[in-house]
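A.B. asks: File target_15.csv follows (CSV, C-alpha atoms):
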```
chain,number,residue,atom,x,y,z
B,7,MET,CA,-22.0,26.0,-19.2
B,8,ILE,CA,-21.5,27.7,-15.9
B,9,LEU,CA,-22.3,24.6,-14.0
B,10,LYS,CA,-20.0,22.6,-16.2
B,11,GLU,CA,-17.1,25.0,-15.5
B,12,LYS,CA,-17.8,24.9,-11.8
B,13,PHE,CA,-17.8,21.1,-11.9
B,14,LEU,CA,-14.5,20.9,-13.7
B,15,LYS,CA,-13.0,23.5,-11.4
B,16,PHE,CA,-14.0,21.3,-8.5
B,17,ILE,CA,-12.9,18.0,-10.0
B,18,LEU,CA,-9.5,19.4,-11.2
B,19,ASN,CA,-8.6,21.2,-8.0
B,20,PRO,CA,-6.6,18.8,-5.7
B,21,ARG,CA,-7.6,20.8,-2.6
B,22,TYR,CA,-11.3,19.9,-3.0
B,23,ILE,CA,-10.8,16.2,-3.7
B,24,PHE,CA,-8.3,16.1,-0.8
B,25,GLY,CA,-11.0,17.6,1.4
B,26,VAL,CA,-13.4,14.9,0.3
B,27,TYR,CA,-10.8,12.3,1.3
B,28,LEU,CA,-10.6,13.7,4.8
B,29,ILE,CA,-14.3,13.9,5.2
B,30,ILE,CA,-14.6,10.3,4.1
B,31,ALA,CA,-11.9,9.3,6.5
B,32,VAL,CA,-13.9,10.6,9.4
B,33,VAL,CA,-17.3,9.4,8.2
B,34,THR,CA,-16.2,5.9,7.5
B,35,ALA,CA,-14.5,5.7,10.9
B,36,ILE,CA,-17.5,6.9,12.8
B,37,SER,CA,-19.9,4.7,10.9
B,38,LYS,CA,-17.7,1.7,11.7
B,39,PHE,CA,-17.6,2.7,15.4
B,40,LEU,CA,-21.4,3.0,15.6
B,41,ARG,CA,-21.8,-0.6,14.3
B,42,GLY,CA,-20.0,-2.0,17.4
B,43,PRO,CA,-16.8,-3.6,18.5
B,44,GLN,CA,-16.9,-6.3,15.8
B,45,ALA,CA,-17.0,-3.7,13.0
B,46,ILE,CA,-13.8,-2.0,14.4
B,47,ASN,CA,-11.9,-5.2,15.0
B,48,ASN,CA,-8.9,-4.1,12.9
B,49,TYR,CA,-8.5,-1.0,15.1
B,50,LEU,CA,-8.9,-3.0,18.3
B,51,ILE,CA,-6.0,-5.2,17.1
B,52,PHE,CA,-3.9,-2.1,16.3
B,53,LYS,CA,-4.8,-0.4,19.6
B,54,ASN,CA,-3.9,-3.5,21.7
B,55,VAL,CA,-0.5,-3.7,20.1
B,56,PHE,CA,0.3,-0.7,22.3
B,57,TYR,CA,-1.4,-2.1,25.4
B,58,ASN,CA,0.0,-5.6,25.0
B,59,THR,CA,3.5,-4.0,24.6
B,60,LEU,CA,3.0,-2.1,27.9
B,61,GLU,CA,1.9,-5.3,29.6
B,62,GLN,CA,4.6,-7.3,27.9
B,63,LYS,CA,2.1,-9.8,26.5
B,64,ASN,CA,3.0,-11.8,23.3
B,65,LEU,CA,1.8,-9.6,20.4
B,66,TYR,CA,1.0,-12.5,18.2
B,67,LEU,CA,-1.4,-14.6,20.2
B,68,GLN,CA,-5.1,-14.4,20.2
B,69,TYR,CA,-6.9,-12.4,22.9
B,70,PRO,CA,-10.6,-13.1,22.3
B,71,GLU,CA,-11.6,-10.9,25.3
B,72,ARG,CA,-10.2,-7.9,23.4
B,73,TYR,CA,-10.5,-8.8,19.7
B,74,PHE,CA,-10.7,-11.7,17.3
B,75,ASP,CA,-8.0,-12.7,14.8
B,76,MET,CA,-4.3,-11.9,15.3
B,77,ASN,CA,-1.9,-9.0,15.0
B,78,HIS,CA,0.8,-9.2,12.3
B,79,TYR,CA,2.5,-5.8,12.8
B,80,GLY,CA,5.9,-5.2,14.4
B,81,VAL,CA,6.3,-4.1,18.0
B,82,PHE,CA,7.4,-0.6,16.7
B,83,PHE,CA,3.9,-0.1,15.5
B,84,SER,CA,2.9,0.3,19.2
B,85,LEU,CA,4.6,3.7,19.1
B,86,LEU,CA,2.7,4.8,16.1
B,87,ILE,CA,-0.7,3.7,17.4
B,88,ALA,CA,-0.1,4.9,20.9
B,89,PRO,CA,-1.5,8.5,20.5
B,90,PHE,CA,-4.7,7.1,19.1
B,91,ALA,CA,-5.0,4.1,21.5
B,92,VAL,CA,-5.2,6.3,24.6
B,93,MET,CA,-8.1,8.3,23.1
B,94,PRO,CA,-11.8,7.3,23.3
B,95,ASP,CA,-12.3,4.8,20.5
B,96,TRP,CA,-14.6,7.0,18.4
B,97,LEU,CA,-12.0,9.8,18.4
B,98,GLY,CA,-9.0,7.5,18.1
B,99,ILE,CA,-10.5,5.7,15.1
B,100,SER,CA,-11.3,9.0,13.3
B,101,LEU,CA,-7.9,10.5,13.8
B,102,TRP,CA,-6.2,7.3,12.9
B,103,ASN,CA,-8.0,7.3,9.5
B,104,VAL,CA,-7.2,11.0,9.1
B,105,ALA,CA,-3.5,10.5,9.8
B,106,ASN,CA,-3.2,7.6,7.4
B,107,THR,CA,-5.1,9.6,4.7
B,108,ALA,CA,-3.0,12.7,5.3
B,109,ILE,CA,0.2,10.8,4.5
B,110,PHE,CA,-1.2,9.4,1.3
B,111,LEU,CA,-2.5,12.8,0.2
B,112,PHE,CA,0.8,14.4,1.0
B,113,ALA,CA,2.6,11.9,-1.2
B,114,ILE,CA,0.2,12.7,-4.1
B,115,TYR,CA,0.8,16.4,-3.5
B,116,LYS,CA,4.6,15.8,-3.8
B,117,LEU,CA,4.3,14.0,-7.1
B,118,PRO,CA,5.7,16.1,-10.1
B,119,PHE,CA,2.4,16.3,-11.8
B,120,SER,CA,0.1,19.3,-12.5
B,121,ASP,CA,-2.7,20.1,-10.1
B,122,ALA,CA,-5.2,18.7,-12.5
B,123,LYS,CA,-3.4,15.4,-12.7
B,124,LYS,CA,-3.0,15.3,-8.9
B,125,ALA,CA,-6.7,15.8,-8.5
B,126,LEU,CA,-7.6,13.1,-11.0
B,127,PHE,CA,-5.0,10.8,-9.5
B,128,ALA,CA,-6.8,11.1,-6.1
B,129,LEU,CA,-10.3,10.9,-7.8
B,130,PHE,CA,-9.4,7.6,-9.6
B,131,CYS,CA,-8.0,6.1,-6.4
B,132,LEU,CA,-11.1,7.2,-4.4
B,133,GLN,CA,-13.1,3.9,-4.5
B,134,GLU,CA,-10.0,1.8,-3.6
B,135,TYR,CA,-9.3,4.3,-0.8
B,136,ILE,CA,-12.8,3.8,0.6
B,137,THR,CA,-12.3,0.1,0.6
B,138,ALA,CA,-9.1,0.5,2.7
B,139,ALA,CA,-10.5,3.3,4.9
B,140,ILE,CA,-13.5,1.2,5.8
B,141,SER,CA,-11.1,-1.5,7.0
B,142,LEU,CA,-9.2,1.2,9.0
B,143,GLN,CA,-6.1,0.0,7.2
B,144,PHE,CA,-2.5,1.2,7.6
B,145,ASN,CA,-2.0,0.3,3.9
B,146,ILE,CA,-3.2,3.9,3.1
B,147,ALA,CA,-0.2,5.3,5.0
B,148,LEU,CA,2.1,2.6,3.7
B,149,VAL,CA,1.6,3.5,0.1
B,150,GLY,CA,2.2,7.1,1.0
B,151,LEU,CA,5.5,6.2,2.7
B,152,LEU,CA,6.6,4.2,-0.3
B,153,MET,CA,5.8,7.0,-2.7
B,154,LEU,CA,7.5,9.6,-0.5
B,155,SER,CA,10.6,7.4,-0.2
B,156,ALA,CA,11.0,7.5,-4.0
B,157,ILE,CA,10.2,11.2,-4.3
B,158,TYR,CA,12.7,12.2,-1.6
B,159,ILE,CA,15.4,10.2,-3.4
B,160,TYR,CA,14.9,12.4,-6.5
B,161,GLU,CA,14.9,15.5,-4.2
B,162,ASN,CA,18.3,14.3,-2.7
B,163,LYS,CA,16.6,14.1,0.7
B,164,GLU,CA,18.3,10.8,1.7
B,165,VAL,CA,17.4,11.0,5.4
B,166,LYS,CA,13.7,11.5,4.8
B,167,SER,CA,13.7,8.7,2.2
B,168,ALA,CA,15.5,6.3,4.4
B,169,SER,CA,13.2,7.1,7.3
B,170,ALA,CA,10.1,6.4,5.2
B,171,ILE,CA,11.5,3.0,4.2
B,172,VAL,CA,12.6,2.0,7.7
B,173,ILE,CA,9.3,2.9,9.3
B,174,GLY,CA,7.5,0.8,6.7
B,175,ILE,CA,9.8,-2.1,7.3
B,176,PHE,CA,9.4,-1.9,11.1
B,177,VAL,CA,5.7,-1.8,10.9
B,178,LYS,CA,4.8,-4.3,8.1
B,179,LEU,CA,8.0,-5.4,6.4
B,180,TYR,CA,6.5,-4.3,3.1
B,181,GLY,CA,8.5,-1.1,3.3
B,182,ILE,CA,11.6,-3.0,2.2
B,183,VAL,CA,10.4,-2.6,-1.4
B,184,GLY,CA,11.3,1.1,-1.1
B,185,LEU,CA,14.9,-0.1,-1.7
B,186,SER,CA,13.9,-0.6,-5.4
B,187,GLN,CA,15.0,3.1,-5.8
B,188,PHE,CA,18.4,2.5,-4.3
B,189,PHE,CA,20.3,2.7,-7.6
B,190,PHE,CA,19.0,6.2,-8.2
B,191,ILE,CA,20.5,7.6,-4.9
B,192,LYS,CA,23.3,10.0,-5.4
B,193,ASN,CA,24.7,10.0,-1.9
B,194,LYS,CA,24.4,6.3,-1.0
B,195,PHE,CA,26.6,6.6,2.1
B,196,LYS,CA,24.3,9.2,3.6
B,197,PHE,CA,21.3,7.1,2.8
B,198,ILE,CA,22.7,3.9,4.3
B,199,LEU,CA,24.0,5.7,7.4
B,200,SER,CA,20.8,7.5,8.1
B,201,GLY,CA,18.8,4.3,7.5
B,202,ILE,CA,21.0,2.5,10.1
B,203,ILE,CA,20.5,5.3,12.6
B,204,VAL,CA,16.7,5.4,12.1
B,205,ALA,CA,16.5,1.6,12.4
B,206,VAL,CA,18.4,1.7,15.7
B,207,ILE,CA,16.0,4.3,17.0
B,208,CYS,CA,13.0,2.3,15.9
B,209,LEU,CA,14.4,-0.7,17.6
B,210,LEU,CA,15.2,1.1,20.9
B,211,ILE,CA,12.2,3.3,21.5
B,212,PRO,CA,9.7,0.5,22.3
B,213,MET,CA,12.2,-0.7,24.9
B,214,ILE,CA,11.6,2.5,26.9
B,215,TYR,CA,8.0,1.5,27.7
B,216,SER,CA,8.5,-2.3,27.8
B,217,THR,CA,11.9,-4.1,28.1
B,218,PRO,CA,14.8,-4.9,25.7
B,219,GLN,CA,14.1,-8.6,26.3
B,220,PHE,CA,10.4,-8.2,25.3
B,221,VAL,CA,11.2,-6.2,22.2
B,222,LEU,CA,13.8,-8.7,20.9
B,223,GLN,CA,11.5,-11.6,21.7
B,224,SER,CA,8.7,-9.9,19.9
B,225,TYR,CA,10.7,-9.7,16.7
B,226,ALA,CA,11.4,-13.4,16.9
B,227,ASP,CA,7.7,-14.1,17.5
B,228,TRP,CA,6.8,-11.8,14.6
B,229,SER,CA,8.9,-13.8,12.2
B,230,HIS,CA,7.1,-17.0,13.3
B,231,SER,CA,3.7,-15.4,12.9
B,232,LEU,CA,4.4,-14.2,9.4
B,233,ILE,CA,5.6,-17.6,8.3
B,234,SER,CA,2.4,-19.2,9.7
B,235,LYS,CA,0.2,-16.5,8.1
B,236,ASN,CA,1.8,-17.1,4.7
B,237,ASN,CA,0.9,-20.8,4.9
B,238,ASP,CA,-2.6,-20.0,6.0
B,239,ASN,CA,-3.1,-17.5,3.1
B,240,GLN,CA,-2.4,-20.2,0.5
B,241,VAL,CA,-6.0,-21.5,0.6
B,242,LEU,CA,-8.3,-21.7,-2.4
B,243,GLY,CA,-11.2,-19.3,-2.2
B,244,ASN,CA,-10.4,-17.4,1.0
B,245,MET,CA,-10.3,-13.6,1.3
B,246,GLN,CA,-6.4,-13.5,1.1
B,247,ASP,CA,-4.0,-14.3,-1.7
B,248,ILE,CA,-5.8,-11.9,-4.1
B,249,SER,CA,-2.6,-11.7,-6.2
B,250,LEU,CA,-1.1,-13.0,-9.4
B,251,MET,CA,-0.1,-16.1,-7.4
B,252,GLY,CA,-3.6,-16.5,-6.0
B,253,PHE,CA,-5.1,-16.1,-9.4
B,254,VAL,CA,-2.9,-18.8,-11.0
B,255,ARG,CA,-3.4,-21.2,-8.0
B,256,ARG,CA,-7.2,-20.8,-8.1
B,257,ILE,CA,-7.5,-21.1,-11.8
B,258,LEU,CA,-5.5,-24.3,-11.7
B,259,GLY,CA,-7.1,-25.4,-8.4
B,260,ASP,CA,-3.8,-26.2,-6.8
B,261,ALA,CA,-3.0,-24.4,-3.5
B,262,SER,CA,0.3,-26.3,-3.2
B,263,ILE,CA,2.1,-24.2,-5.8
B,264,SER,CA,4.7,-22.4,-3.7
B,265,ASN,CA,5.4,-18.6,-3.6
B,266,LEU,CA,9.0,-19.4,-4.6
B,267,SER,CA,7.8,-20.7,-8.0
B,268,PHE,CA,6.2,-17.4,-8.8
B,269,LEU,CA,9.1,-15.3,-7.4
B,270,ALA,CA,11.6,-17.2,-9.5
B,271,PHE,CA,9.8,-15.8,-12.5
B,272,GLY,CA,8.6,-12.5,-11.1
B,273,LEU,CA,11.8,-11.2,-9.4
B,274,PRO,CA,14.0,-11.4,-12.6
B,275,LEU,CA,11.3,-9.8,-14.6
B,276,PHE,CA,10.9,-7.0,-12.1
B,277,ALA,CA,14.7,-6.5,-12.0
B,278,LEU,CA,15.2,-6.6,-15.8
B,279,PRO,CA,14.7,-2.8,-16.4
B,280,TYR,CA,17.6,-2.0,-14.1
B,281,ILE,CA,20.0,-2.9,-17.0
B,282,ARG,CA,18.9,0.4,-18.7
B,283,ILE,CA,21.4,2.4,-16.7
B,284,LYS,CA,21.3,5.4,-19.1
B,285,GLN,CA,17.6,5.9,-18.2
B,286,TYR,CA,18.4,6.3,-14.5
B,287,LYS,CA,18.7,10.0,-14.7
B,288,ASN,CA,15.1,10.5,-15.9
B,289,TYR,CA,12.6,11.1,-13.2
B,290,ALA,CA,9.9,9.5,-15.3
B,291,PHE,CA,11.9,6.3,-15.3
B,292,GLN,CA,12.3,6.4,-11.6
B,293,LEU,CA,8.6,6.9,-11.1
B,294,MET,CA,7.8,4.1,-13.5
B,295,ILE,CA,10.0,1.8,-11.4
B,296,LEU,CA,8.0,3.0,-8.4
B,297,ALA,CA,4.8,2.1,-10.2
B,298,SER,CA,6.2,-1.4,-11.0
B,299,THR,CA,7.2,-1.7,-7.3
B,300,LEU,CA,3.8,-0.9,-5.9
B,301,LEU,CA,2.1,-3.4,-8.2
B,302,PHE,CA,4.8,-6.1,-7.7
B,303,LEU,CA,4.4,-5.8,-3.9
B,304,VAL,CA,0.7,-6.7,-4.1
B,305,LEU,CA,0.7,-9.1,-7.0
B,306,PHE,CA,3.5,-11.3,-5.5
B,307,SER,CA,2.2,-11.4,-1.9
B,308,SER,CA,0.0,-14.2,-0.6
B,309,GLY,CA,-1.1,-11.7,2.1
B,310,SER,CA,-2.8,-9.4,-0.4
B,311,GLU,CA,-6.5,-8.8,0.3
B,312,SER,CA,-9.0,-6.4,-1.1
B,313,PRO,CA,-8.0,-3.4,1.1
B,314,THR,CA,-4.3,-3.9,0.1
B,315,TYR,CA,-5.1,-2.8,-3.4
B,316,ILE,CA,-4.8,0.9,-2.6
B,317,ILE,CA,-1.1,0.2,-3.0
B,318,ALA,CA,-1.5,-1.4,-6.4
B,319,VAL,CA,-4.0,1.1,-7.7
B,320,ALA,CA,-1.7,4.0,-6.8
B,321,GLY,CA,1.0,2.3,-8.9
B,322,VAL,CA,-1.5,2.1,-11.8
B,323,MET,CA,-2.2,5.8,-11.5
B,324,ILE,CA,1.5,6.7,-11.6
B,325,TRP,CA,1.8,4.7,-14.8
B,326,PHE,CA,-1.2,6.3,-16.3
B,327,PHE,CA,-0.4,9.9,-15.5
B,328,LEU,CA,3.2,9.5,-16.9
B,329,GLN,CA,1.8,8.7,-20.3
B,330,LYS,CA,2.3,11.5,-22.8
B,331,GLU,CA,-0.2,9.9,-25.2
B,332,ARG,CA,-3.2,8.2,-23.7
B,333,THR,CA,-4.1,5.8,-26.5
B,334,PRO,CA,-7.3,3.8,-26.6
B,335,LEU,CA,-5.3,0.8,-25.2
B,336,VAL,CA,-4.0,2.8,-22.2
B,337,LEU,CA,-7.5,4.3,-21.5
B,338,GLY,CA,-9.0,0.8,-21.8
B,339,MET,CA,-6.6,-0.6,-19.3
B,340,LEU,CA,-7.3,2.2,-16.8
B,341,ILE,CA,-11.1,1.6,-17.2
B,342,PHE,CA,-10.5,-2.2,-16.7
B,343,VAL,CA,-8.7,-1.4,-13.4
B,344,ILE,CA,-11.3,1.0,-12.2
B,345,ILE,CA,-14.2,-1.4,-12.9
B,346,LEU,CA,-12.9,-4.8,-11.9
B,347,THR,CA,-10.2,-3.9,-9.4
B,348,CYS,CA,-11.7,-0.9,-7.7
B,349,PHE,CA,-15.4,-1.6,-7.9
B,350,SER,CA,-15.5,-5.4,-7.6
B,351,PRO,CA,-16.1,-5.3,-3.8
B,352,SER,CA,-18.9,-2.8,-4.3
B,353,ASP,CA,-22.6,-3.3,-5.1
B,354,LEU,CA,-21.8,-2.7,-8.7
B,355,PHE,CA,-21.4,-6.5,-9.0
B,356,PRO,CA,-24.1,-8.9,-7.8
B,357,LYS,CA,-23.1,-11.0,-4.7
B,358,SER,CA,-23.2,-14.2,-6.7
B,359,VAL,CA,-20.7,-12.9,-9.2
B,360,LYS,CA,-18.4,-11.6,-6.4
B,361,VAL,CA,-18.5,-14.9,-4.5
B,362,ASN,CA,-18.5,-17.4,-7.3
B,363,TYR,CA,-16.1,-15.6,-9.6
B,364,ILE,CA,-14.3,-12.5,-8.4
B,365,ILE,CA,-13.3,-13.9,-4.9
B,366,LYS,CA,-13.1,-17.5,-6.0
B,367,TYR,CA,-10.6,-16.8,-8.7
B,368,SER,CA,-8.9,-13.6,-7.3
B,369,LEU,CA,-10.1,-11.7,-10.4
B,370,LYS,CA,-9.6,-8.4,-8.6
B,371,ALA,CA,-5.9,-8.9,-9.4
B,372,VAL,CA,-6.3,-9.4,-13.1
B,373,PRO,CA,-6.4,-5.8,-14.4
B,374,CYS,CA,-3.3,-5.0,-12.2
B,375,ILE,CA,-1.5,-8.0,-13.6
B,376,VAL,CA,-2.1,-6.7,-17.1
B,377,VAL,CA,-0.9,-3.2,-16.2
B,378,TRP,CA,2.2,-4.6,-14.5
B,379,PHE,CA,3.3,-6.5,-17.6
B,380,ARG,CA,2.6,-3.4,-19.7
B,381,ILE,CA,4.9,-1.4,-17.3
B,382,ILE,CA,7.7,-3.9,-17.6
B,383,TYR,CA,7.4,-3.7,-21.4
B,384,GLU,CA,7.5,0.1,-21.3
B,385,LEU,CA,10.5,0.2,-18.9
B,386,MET,CA,12.4,-2.0,-21.3
B,387,THR,CA,11.5,-0.3,-24.6
B,388,ARG,CA,10.8,3.4,-24.1
B,389,ASP,CA,12.9,6.5,-24.0
B,390,PHE,CA,11.8,8.2,-20.8
B,391,GLU,CA,13.2,11.5,-21.7
B,392,LYS,CA,11.0,11.8,-24.9
B,393,ASP,CA,8.1,9.5,-24.4
B,394,TYR,CA,6.7,10.6,-21.0
B,395,SER,CA,5.4,13.7,-19.4
B,396,LEU,CA,5.7,14.9,-15.8
B,397,GLN,CA,3.3,17.8,-16.3
```
Translate this file's structure into C-alpha cells.

C.D. replies:
Amino acid sequence: MILKEKFLKFILNPRYIFGVYLIIAVVTAISKFLRGPQAINNYLIFKNVFYNTLEQKNLYLQYPERYFDMNHYGVFFSLLIAPFAVMPDWLGISLWNVANTAIFLFAIYKLPFSDAKKALFALFCLQEYITAAISLQFNIALVGLLMLSAIYIYENKEVKSASAIVIGIFVKLYGIVGLSQFFFIKNKFKFILSGIIVAVICLLIPMIYSTPQFVLQSYADWSHSLISKNNDNQVLGNMQDISLMGFVRRILGDASISNLSFLAFGLPLFALPYIRIKQYKNYAFQLMILASTLLFLVLFSSGSESPTYIIAVAGVMIWFFLQKERTPLVLGMLIFVIILTCFSPSDLFPKSVKVNYIIKYSLKAVPCIVVWFRIIYELMTRDFEKDYSLQ
C-alpha cells in the first residue's frame, strides 16, 4: 500500500514527470551525438542555418560537406539556433533539446488543469515526445508556442500571444494556425499592432548579422523550397505525408490527389464550430478549438512525419482532459491513440508490420483522424459551460 501511494504521488506530481522529460532531453541528445554526425543530421541542418546566414549562402541548397538533406526553416531561425550553434555540438544539442522541452512543459504548466491532470497529460505525451526528441525536432517547442498563444489570449496577454504566433510563423509557417483563436481576443487592436511590431523585429534582426538583401532573398527562396517540398512529400510509401491526406492517397493508391481537394473539405469542417458565438466566452470551448487546431495542422499537411505527431497528440490530450465524463468510448479512443499513434514507431510493433502497413498506409494518423472528427462533433453539439471540466 505504501509503495502504491508513493507511485501515485510520483505519477500525479507534474514536477516529477517534468523532471523526467528534462532528463530524457539530455540523454537522447547525448546518445545521438555519440552515434556520429549522421545521427545528428537534423541538428547540423539547424546549426548551419546560422552559419549559412552569416556567410550569406542560400539556406535552401544542399551542402553535403556539412549535412545531407535540406533546410526548410526561415532565416529568422538563425537567431534562435545561434546560442546553441556556437557551442560544442554535444553541449549545443543537449541544451537545444532542453530549451524545446522547457517551452512545451511550460505550456502544459499554464493549462487550467489540476496538477494531477497536468502530470498525466505529460505522461501520456511522453512516448510521442521521445520520438520528437530523438529527432532533435523544433516541433516540441512549436506545439508549446501554439498552446501558449491560446492560453495568453484567455489571460488577456495579447502581446505574448501575438509574439508566440509570429515566432512560429517566422520559423516554420505552422505558427499561423495560432490565429484560430483570433475571435476570442478581447483587444484585437492591441493584438494586431503587437503582432505587426514583433513581425517587423523578426524580419529586421537577421539583417544585422547578414544583409537586408540576403534576408529578403531568403524569404523568396524559402517559398520556392516549401512548394518543392510539398510536391516531393506526395509520394506513396515515403516517411512524409503521415496525415489524413496521406492515408486516403495511400489507401486509394493515388498520389495525384491534390491537397486542395482535402482542404476544400477540411477547412469548412474546421471552421464550422465558429458559428456557435455564444460558446466563445467558455474557456473549455476555446481550448477545444485549440485541440482541433493542433490536430488539423498535422492531419492536413503533406509535410507531417512521425516526429510531427507531438503536436497532434498534445491536441488529443487537451480534448481528453476537458472531458467531464470519461466514457468507455472516450477511454477507448485515447488508448487507440496511445497504441497506434504513439507506439507505432517503437519496437512494440514488428518491423514487417511497420513497413508493410503502418508506414505504407500512414496508419499512425488514423486514431488522430477519429479523435478530430469527434472533436468537431463535440464543438457543434455540446454546452461547454456544463459538459466540460477545467479541473

A.B. asks: What does the distance from CA of Asn244 in chain B to CA of Trp325 in chain B come to in Å, to one decimal?

C.D. replies: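 That distance, rounded to one decimal, is 29.8 Å.
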
A.B. asks: Identify which of the residues B:Ile324, B:Ala371, B:Ser84, B:Ser298 lies closest to Ala113 in chain B, counting all atoms listed in the file when measuring atom-to-atom distances.

C.D. replies: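 Smallest distance to Ala113 in chain B is found for B:Ile324.
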
A.B. asks: Taking into account all atoms listed in the file, which residue in the set B:Ser262, B:Ser249, B:Ser167, B:Asn19 is nearest to Tyr115 in chain B?

C.D. replies: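 Among B:Ser262, B:Ser249, B:Ser167, B:Asn19, it is B:Asn19 that comes nearest to Tyr115 in chain B.
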
A.B. asks: I'd like the neighbourhood of Ser352 in chain B as a PyMOL selection string, where a residue qualifies if any of its atoms comes within 12 Å (using all atoms listed in the file), though same-chain residues fewer than 2 positions away should be ignored.

C.D. replies: chain B and resi 133-134+136-137+312+344-350+354-357+359-360+364+370

A.B. asks: Neighbours of range 58-67 of chain B within 7 Å (all atoms listed in the file; same-chain residues fewer than 5 positions away dropped), as a list in words?

C.D. replies: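 Those residues are Met76, Asn77, His78, Ser84, Tyr215, Ser216, Phe220, Ser224, Asp227, Trp228 and Ser231 of chain B.
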
A.B. asks: Which is closer to Phe130 in chain B than all the others in B:Val322, B:Leu199, B:Leu301, B:Leu152, using all atoms listed in the file?

C.D. replies: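 Of B:Val322, B:Leu199, B:Leu301, B:Leu152, the one nearest Phe130 in chain B, counting all atoms listed in the file, is B:Val322.
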
A.B. asks: Using Å and a single decimal, report how far CA of Phe276 in chain B sits from CA of Lys163 in chain B.

C.D. replies: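 These atoms are spaced 25.3 Å apart.
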
A.B. asks: Figure out the distance between CA of Ala128 in chain B and CA of Met153 in chain B, please, to one decimal in Å.

C.D. replies: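 Separation of CA of Met153 in chain B and CA of Ala128 in chain B: 13.7 Å.
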
A.B. asks: Within 9 Å of (14.9, 3.0, 4.9) (coordinates as in the file), grab all the protein and nucleic acid residues, counting only C-alpha atoms, and write them out as a list in words.

C.D. replies: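 The requested residues, written out, are Ser155, Val165, Lys166, Ser167, Ala168, Ser169, Ala170, Ile171, Val172, Ile173, Gly174, Ile175, Gly181, Ile182, Gly184, Leu185, Phe197, Ile198, Ser200, Gly201, Ile202, Val204 and Ala205 of chain B.
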
A.B. asks: Which residues are near range 376-390 of chain B? Cut-off 8 Å, all atoms listed in the file, ignore same chain within fewer than 4 positions. Put them as a PyMOL selection string.

C.D. replies: chain B and resi 275-276+278-279+282+285+288+290-291+294-295+297-298+301-302+322+325+339+372+394

A.B. asks: Go ahead and save the picked residues with C-alpha atoms, as a compact mmCIF listing (two decimals), keeping the file's coordinate frame.

C.D. replies:
```
# COMPACT_ATOMS: atom_id res chain seq x y z
CA LEU B 275 11.30 -9.80 -14.60
CA PHE B 276 10.90 -7.00 -12.10
CA LEU B 278 15.20 -6.60 -15.80
CA PRO B 279 14.70 -2.80 -16.40
CA ARG B 282 18.90 0.40 -18.70
CA GLN B 285 17.60 5.90 -18.20
CA ASN B 288 15.10 10.50 -15.90
CA ALA B 290 9.90 9.50 -15.30
CA PHE B 291 11.90 6.30 -15.30
CA MET B 294 7.80 4.10 -13.50
CA ILE B 295 10.00 1.80 -11.40
CA ALA B 297 4.80 2.10 -10.20
CA SER B 298 6.20 -1.40 -11.00
CA LEU B 301 2.10 -3.40 -8.20
CA PHE B 302 4.80 -6.10 -7.70
CA VAL B 322 -1.50 2.10 -11.80
CA TRP B 325 1.80 4.70 -14.80
CA MET B 339 -6.60 -0.60 -19.30
CA VAL B 372 -6.30 -9.40 -13.10
CA TYR B 394 6.70 10.60 -21.00
```

A.B. asks: When distances are computed from all atoms listed in the file, which of B:Ser395, B:Ser141, B:Ser229, B:Ser310 shows the smallest separation from Glu331 in chain B?

C.D. replies: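 Going through B:Ser395, B:Ser141, B:Ser229, B:Ser310 one by one, the smallest distance to Glu331 in chain B is for B:Ser395.
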
A.B. asks: Compile the contact shell of Thr107 in chain B as a VMD selection string: residues with an atom at most 7 Å away, counting all atoms listed in the file, same-chain residues fewer than 3 positions apart removed.

C.D. replies: chain B and resid 28 103 to 104 110 to 111 146 to 147

A.B. asks: Just want the 9 Å neighbourhood of Gly309 in chain B, counted on all atoms listed in the file, with same-chain residues fewer than 4 positions away dropped. Output as a PyMOL selection string.

C.D. replies: chain B and resi 235-236+239-240+246-249+304+314

A.B. asks: Would you please work out which residue, of B:Leu14, B:Asp75, B:Val336, B:Tyr180, is nearest to Ala125 in chain B when using only C-alpha atoms?

C.D. replies: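 Nearest candidate to Ala125 in chain B out of B:Leu14, B:Asp75, B:Val336, B:Tyr180: B:Leu14.
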
A.B. asks: Counting only C-alpha atoms, which residues come within 6 Å of (3.8, -5.2, 7.4), with the point read in the file's coordinates, and could you list them as a ChimeraX atom specification?

C.D. replies: /B:79,177-180

A.B. asks: Counting all atoms listed in the file, which of B:Leu273, B:Ala318, B:Cys374, B:Cys208 gets nearest to Leu340 in chain B?

C.D. replies: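 Selected residue with least distance to Leu340 in chain B: B:Cys374.
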